[in-house]
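Text of coords-v8.txt (compact mmCIF, C-alpha atoms) as supplied:
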# COMPACT_ATOMS: atom_id res chain seq x y z
CA MET A 138 -16.23 10.06 1.27
CA GLY A 139 -19.05 8.86 3.47
CA PRO A 140 -19.22 5.77 5.66
CA ARG A 141 -21.22 2.79 4.56
CA ASP A 142 -23.37 0.69 6.87
CA LYS A 143 -21.24 -1.60 9.03
CA ARG A 144 -22.25 -5.07 10.16
CA GLU A 145 -21.59 -4.71 13.90
CA ASP A 146 -23.84 -7.65 14.83
CA ASP A 147 -21.55 -10.39 13.55
CA GLY A 148 -18.21 -8.75 14.29
CA ASP A 149 -17.41 -7.81 10.71
CA PHE A 150 -17.11 -4.35 9.29
CA GLU A 151 -16.41 -3.08 5.81
CA SER A 152 -14.28 -0.29 4.43
CA PRO A 153 -16.12 3.00 5.04
CA PHE A 154 -15.09 4.38 1.67
CA VAL A 155 -16.72 4.39 -1.73
CA THR A 156 -15.17 4.85 -5.16
CA PRO A 157 -11.58 5.64 -4.20
CA MET A 158 -9.36 6.97 -6.94
CA LEU A 159 -5.82 8.27 -6.91
CA SER A 160 -5.14 11.11 -9.33
CA ILE A 161 -1.63 12.58 -9.61
CA LYS A 162 -0.85 15.44 -11.97
CA ASN A 163 2.58 16.83 -12.83
CA LEU A 164 4.04 15.89 -9.45
CA HIS A 165 7.48 17.21 -8.54
CA ALA A 166 9.25 16.30 -5.30
CA THR A 167 12.68 16.58 -3.75
CA VAL A 168 14.65 14.74 -1.07
CA ALA A 169 17.38 16.76 0.65
CA ASP A 170 16.90 19.41 -2.09
CA LYS A 171 17.58 16.80 -4.80
CA PRO A 172 14.81 16.51 -7.42
CA ILE A 173 13.48 12.93 -7.53
CA LEU A 174 9.99 13.18 -9.04
CA ASN A 175 9.92 15.27 -12.20
CA GLY A 176 6.42 15.78 -13.53
CA LEU A 177 4.85 12.45 -12.65
CA THR A 178 1.24 11.99 -13.80
CA LEU A 179 -0.83 8.91 -12.92
CA GLU A 180 -4.42 7.84 -12.32
CA VAL A 181 -5.53 4.66 -10.55
CA PRO A 182 -9.32 4.15 -10.76
CA ALA A 183 -11.38 2.37 -8.15
CA GLY A 184 -11.43 -1.40 -8.52
CA GLU A 185 -8.08 -1.57 -10.32
CA VAL A 186 -4.57 -2.74 -9.47
CA HIS A 187 -1.78 -0.78 -11.11
CA ALA A 188 1.89 -1.77 -11.03
CA ILE A 189 4.84 0.58 -11.18
CA MET A 190 8.16 -0.83 -12.35
CA GLY A 191 11.44 0.90 -12.96
CA PRO A 192 15.18 0.85 -12.33
CA ASN A 193 16.83 1.68 -9.00
CA GLY A 194 16.73 5.41 -8.32
CA ALA A 195 13.77 6.04 -10.61
CA GLY A 196 11.64 7.40 -7.75
CA LYS A 197 9.37 4.44 -6.98
CA SER A 198 9.75 4.45 -3.19
CA THR A 199 9.86 8.25 -3.17
CA LEU A 200 6.41 8.27 -4.75
CA SER A 201 5.04 6.05 -1.99
CA TYR A 202 6.60 8.21 0.73
CA VAL A 203 5.38 11.46 -0.81
CA LEU A 204 1.83 10.15 -1.04
CA THR A 205 1.79 8.95 2.58
CA GLY A 206 3.53 12.02 4.00
CA ARG A 207 6.94 10.83 5.17
CA GLN A 208 9.12 13.57 6.62
CA GLY A 209 11.98 14.79 4.48
CA TYR A 210 10.12 14.42 1.19
CA GLU A 211 9.07 17.83 -0.12
CA VAL A 212 6.44 18.39 -2.79
CA THR A 213 7.56 21.26 -5.01
CA GLY A 214 4.84 21.13 -7.63
CA GLY A 215 1.80 19.33 -8.93
CA THR A 216 -1.24 17.79 -7.23
CA ALA A 217 -2.45 14.48 -5.83
CA THR A 218 -6.00 13.68 -4.81
CA LEU A 219 -7.73 10.66 -3.28
CA ASP A 220 -11.35 10.51 -4.33
CA GLY A 221 -11.14 14.19 -5.19
CA GLU A 222 -9.62 15.32 -1.90
CA ASP A 223 -6.23 17.04 -1.80
CA ILE A 224 -3.82 14.55 -0.20
CA PHE A 225 -1.11 17.13 0.46
CA ALA A 226 -3.45 19.24 2.59
CA LEU A 227 -3.64 16.36 5.09
CA GLU A 228 -1.25 15.21 7.80
CA PRO A 229 0.02 11.61 7.51
CA ALA A 230 -2.43 10.36 10.17
CA GLU A 231 -5.29 12.07 8.35
CA ARG A 232 -4.28 10.40 5.09
CA ALA A 233 -4.37 7.04 6.87
CA ALA A 234 -7.80 7.81 8.32
CA LYS A 235 -9.02 8.65 4.82
CA GLY A 236 -8.03 5.16 3.76
CA MET A 237 -4.42 5.28 2.50
CA PHE A 238 -2.13 2.41 3.50
CA LEU A 239 1.57 1.80 2.79
CA SER A 240 3.13 -1.64 3.06
CA PHE A 241 6.82 -0.98 3.66
CA GLN A 242 9.68 -2.64 1.82
CA TYR A 243 11.46 -2.95 5.17
CA PRO A 244 8.85 -3.13 7.97
CA LEU A 245 9.88 -1.47 11.25
CA GLU A 246 10.36 -3.29 14.53
CA ILE A 247 8.73 -1.79 17.65
CA PRO A 248 10.17 -3.40 20.80
CA GLY A 249 7.82 -3.64 23.77
CA VAL A 250 4.60 -3.12 21.78
CA PRO A 251 2.61 -6.29 21.05
CA ALA A 252 1.39 -6.52 17.46
CA LEU A 253 -2.26 -6.84 18.51
CA THR A 254 -2.00 -3.76 20.73
CA PHE A 255 -0.38 -1.76 17.94
CA ILE A 256 -3.01 -2.72 15.37
CA ARG A 257 -6.00 -2.19 17.66
CA THR A 258 -4.64 1.24 18.65
CA ALA A 259 -4.17 2.19 14.99
CA LEU A 260 -7.61 0.91 14.03
CA ASN A 261 -9.37 2.78 16.82
CA ALA A 262 -7.43 5.96 16.06
CA GLN A 263 -8.65 5.82 12.48
CA ARG A 264 -12.21 5.08 13.53
CA LYS A 265 -12.14 8.00 15.98
CA ALA A 266 -10.84 10.32 13.25
CA ARG A 267 -13.84 9.31 11.12
CA GLY A 268 -16.28 9.86 13.99
CA GLU A 269 -16.91 6.14 14.50
CA ASP A 270 -17.10 4.15 17.72
CA GLU A 271 -14.11 2.11 18.84
CA ILE A 272 -14.12 -1.54 17.93
CA SER A 273 -14.93 -3.74 20.94
CA ALA A 274 -12.35 -6.22 22.25
CA PRO A 275 -14.43 -9.32 21.33
CA GLN A 276 -15.12 -7.97 17.85
CA PHE A 277 -11.44 -7.10 17.35
CA LEU A 278 -10.21 -10.52 18.50
CA LYS A 279 -12.72 -12.35 16.30
CA LEU A 280 -11.64 -10.35 13.26
CA ALA A 281 -7.93 -10.79 14.12
CA ARG A 282 -8.27 -14.58 14.39
CA GLU A 283 -10.05 -14.77 11.03
CA LYS A 284 -7.48 -12.65 9.22
CA ALA A 285 -4.52 -14.40 10.88
CA ALA A 286 -5.83 -17.82 9.88
CA ALA A 287 -6.23 -16.72 6.26
CA LEU A 288 -2.59 -15.56 6.21
CA LYS A 289 -1.32 -18.65 8.07
CA ILE A 290 -0.12 -16.49 10.96
CA ASP A 291 0.23 -18.22 14.33
CA PHE A 292 -2.02 -16.20 16.63
CA ASP A 293 0.61 -16.35 19.39
CA MET A 294 2.91 -14.39 17.07
CA LEU A 295 0.49 -11.47 17.31
CA LYS A 296 1.13 -11.29 21.05
CA ARG A 297 4.84 -10.67 20.48
CA ALA A 298 6.46 -7.26 20.02
CA LEU A 299 5.71 -5.98 16.53
CA ASN A 300 8.15 -7.52 14.02
CA VAL A 301 10.83 -8.13 16.70
CA GLY A 302 12.60 -11.38 15.88
CA PHE A 303 10.33 -12.00 12.89
CA SER A 304 11.69 -13.49 9.67
CA GLY A 305 11.39 -11.51 6.45
CA GLY A 306 8.37 -13.53 5.41
CA GLU A 307 6.71 -13.09 8.81
CA LYS A 308 7.21 -9.34 8.64
CA LYS A 309 5.59 -9.15 5.23
CA ARG A 310 2.67 -11.30 6.34
CA MET A 311 2.27 -8.99 9.32
CA GLU A 312 2.07 -6.03 6.93
CA ILE A 313 -0.69 -7.72 4.97
CA PHE A 314 -2.42 -8.65 8.23
CA GLN A 315 -2.41 -4.98 9.25
CA MET A 316 -3.81 -4.10 5.85
CA ALA A 317 -6.62 -6.63 6.23
CA MET A 318 -7.46 -5.37 9.71
CA LEU A 319 -7.47 -1.67 8.80
CA SER A 320 -9.38 -2.25 5.54
CA PRO A 321 -8.01 0.80 3.67
CA CYS A 322 -9.43 2.04 0.39
CA PHE A 323 -6.09 2.73 -1.32
CA LEU A 324 -3.17 0.35 -0.88
CA ILE A 325 0.44 1.08 -1.79
CA LEU A 326 2.65 -2.02 -1.76
CA ASP A 327 6.31 -0.98 -1.89
CA GLU A 328 8.32 -4.01 -3.07
CA THR A 329 6.29 -6.38 -0.95
CA ASP A 330 8.05 -9.31 -2.64
CA SER A 331 11.48 -8.24 -1.35
CA GLY A 332 13.13 -11.06 0.62
CA LEU A 333 10.28 -13.55 0.22
CA ASP A 334 10.66 -17.18 -0.78
CA ILE A 335 8.10 -18.72 -3.12
CA ASP A 336 5.82 -20.05 -0.37
CA ALA A 337 5.76 -16.74 1.52
CA LEU A 338 5.24 -14.83 -1.73
CA ARG A 339 2.22 -16.98 -2.55
CA ILE A 340 0.66 -16.52 0.91
CA VAL A 341 1.24 -12.77 0.90
CA SER A 342 -0.14 -12.45 -2.63
CA GLU A 343 -3.26 -14.41 -1.68
CA GLY A 344 -3.80 -11.95 1.17
CA VAL A 345 -3.43 -9.01 -1.20
CA ASN A 346 -5.75 -10.54 -3.79
CA ALA A 347 -8.39 -11.11 -1.12
CA MET A 348 -8.50 -7.32 -0.68
CA ARG A 349 -9.41 -6.64 -4.29
CA SER A 350 -12.85 -5.05 -4.60
CA PRO A 351 -14.74 -2.54 -6.77
CA ASP A 352 -14.36 0.20 -4.13
CA ARG A 353 -10.65 -0.30 -3.45
CA ALA A 354 -7.58 0.45 -5.57
CA MET A 355 -3.95 -0.67 -5.30
CA LEU A 356 -0.58 0.57 -6.45
CA VAL A 357 2.02 -2.22 -6.54
CA ILE A 358 5.65 -1.11 -6.72
CA THR A 359 8.06 -3.84 -7.79
CA HIS A 360 11.28 -4.55 -9.66
CA TYR A 361 10.29 -7.99 -10.83
CA GLN A 362 7.66 -9.75 -12.90
CA ARG A 363 7.40 -12.65 -10.42
CA LEU A 364 5.16 -10.69 -8.02
CA LEU A 365 2.85 -9.85 -10.90
CA ASP A 366 2.45 -13.55 -11.66
CA TYR A 367 0.53 -13.70 -8.36
CA ILE A 368 -1.01 -10.21 -8.17
CA LYS A 369 -2.36 -9.60 -11.66
CA PRO A 370 -2.30 -5.88 -12.50
CA ASP A 371 -4.82 -4.11 -14.70
CA ARG A 372 -2.16 -1.65 -15.85
CA VAL A 373 1.63 -1.48 -15.71
CA HIS A 374 3.55 1.80 -15.70
CA VAL A 375 7.27 2.37 -16.23
CA LEU A 376 8.81 4.99 -13.95
CA SER A 377 12.15 6.40 -15.07
CA ALA A 378 13.96 9.56 -13.97
CA GLY A 379 11.02 10.60 -11.84
CA ARG A 380 8.15 10.35 -14.27
CA ILE A 381 5.94 7.81 -16.01
CA VAL A 382 7.42 7.18 -19.46
CA ALA A 383 5.29 4.24 -20.64
CA SER A 384 2.06 2.48 -19.68
CA GLY A 385 0.39 -0.69 -20.88
CA GLY A 386 -1.29 -3.91 -19.93
CA PRO A 387 0.26 -6.83 -17.99
CA GLU A 388 2.28 -7.76 -21.07
CA LEU A 389 4.45 -4.68 -20.47
CA ALA A 390 5.85 -6.30 -17.32
CA LEU A 391 6.88 -9.35 -19.37
CA GLU A 392 8.62 -7.06 -21.86
CA LEU A 393 10.52 -5.33 -19.08
CA GLU A 394 11.57 -8.68 -17.62
CA ALA A 395 12.94 -9.75 -20.98
CA GLU A 396 14.45 -6.51 -22.25
CA GLY A 397 15.21 -4.35 -19.21
CA TYR A 398 14.76 -0.61 -18.81
CA ASP A 399 17.43 0.78 -21.13
CA LYS A 400 15.12 2.07 -23.85
CA TYR A 401 12.89 3.74 -21.27
CA ALA A 402 15.86 5.44 -19.65
CA GLN A 403 16.54 7.02 -23.05
CA VAL A 404 12.93 8.21 -23.26
CA ALA A 405 13.21 9.79 -19.79
CA ALA A 406 16.41 11.53 -20.79

Entire entry expressed as structure tokens:
Amino acid sequence: MGPRDKREDDGDFESPFVTPMLSIKNLHATVADKPILNGLTLEVPAGEVHAIMGPNGAGKSTLSYVLTGRQGYEVTGGTATLDGEDIFALEPAERAAKGMFLSFQYPLEIPGVPALTFIRTALNAQRKARGEDEISAPQFLKLAREKAAALKIDFDMLKRALNVGFSGGEKKRMEIFQMAMLSPCFLILDETDSGLDIDALRIVSEGVNAMRSPDRAMLVITHYQRLLDYIKPDRVHVLSAGRIVASGGPELALELEAEGYDKYAQVAA
């Protein structure tokens, strides 16, 4: 994955990645020695948005944590590559520098660390890992103001400690703001719609949709069809008992909303 030319003159810069693709083959993983993923196979091509739906306990969040390298989640078999590179050979920070981003279902609060400071530190750490120069303060502030305005985030909120005292909707908008600032090539959205009212869901979804591009891919993890009314997936996959048991177009999400997961639980069994 090689960097593309960046437009430093006007304060903008683009994702340094080309043709990202996630490829997972026969993935097995455990949590506290309990098998959770049981032979999961999935491919998400560049330029596409794929949704994963499934019942509680199916392994949806486990998949996101395994891919991003959370401690306590052990890979016991199978492979996963991002644009042909072995993800599991990389530390979590290295995976982030390669362009992988996880939007948490429950974003963490970090008392004493202003949001802008946190994001600029993360951005410069990733740029350093890729051998790029740090982003200048004026360039960073210009970009931050543009992205905040698009997400209807009060810029003063970015001066507060990260997520401390934020509402659920504000926390989710902050996650999407971080995503827009870091410009990753592969996005994992873990139940981003959790706890959002309709207005916040629309704003967050608009921010996600603005990130769609031919050289970026997304994996959207959700329980409900309503998020997919705003973020239109190219493919929908059903995860049950730790593996993908069905795949289809957006109409599959409507079927799941109407009929539930019972028949797919039987397939997994």

(request) Write out as a ChimeraX atom specification each polymer residue whose atoms come within 6 Å of A:Gly385, counting only C-alpha atoms; drop sequence neighbours fewer than 2 positions from it. (result) /A:372-373,389

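Ranking A:Leu159, A:Leu364, A:Ala285, A:Leu295 by their shortest atom-to-atom distance to A:Phe255, with all atoms listed in the file included, puts A:Leu295 first.
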
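Surrounding residues of (10.8, -3.8, -6.8) at most 10 Å away are Ile189, Met190, Gly191, Pro192, Asn193, Lys197, Ser198, Gln242, Leu326, Asp327, Glu328, Thr329, Asp330, Ser331, Val357, Ile358, Thr359, His360, Tyr361, Gln362 and Leu364 of chain A (based on all atoms listed in the file).
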
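Between atom CA of A:Pro251 and atom CA of A:Lys284 the interatomic distance comes to 16.8 Å.
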
(request) For A:Leu319, list every protein, DNA or RNA residue within 12 Å, evaluated using all atoms listed in the file, and leave out those in the same chain fewer than 4 positions away; present the list as a ChimeraX atom specification. (result) /A:149-153,233-239,255-264,272,277,280-281,284,312-315,323-324,348

(request) Taking the point (7.3, -11.4, 9.7) as given in the file, collect each protein or nucleic acid residue that comes within 12 Å of it, counting all atoms listed in the file, and present the set as a count of residues only. (result) 35

(request) Would you mind telling me which residue in A:Ile340, A:Ala195, A:Met316, A:Cys322 lies nearest to A:Tyr398 when using all atoms listed in the file? (result) A:Ala195

(request) Skip A:Ile224 itself and residues of its chain fewer than 3 positions away, then list as a count of residues only all residues within 12 Å of it, counting all atoms listed in the file. (result) 27
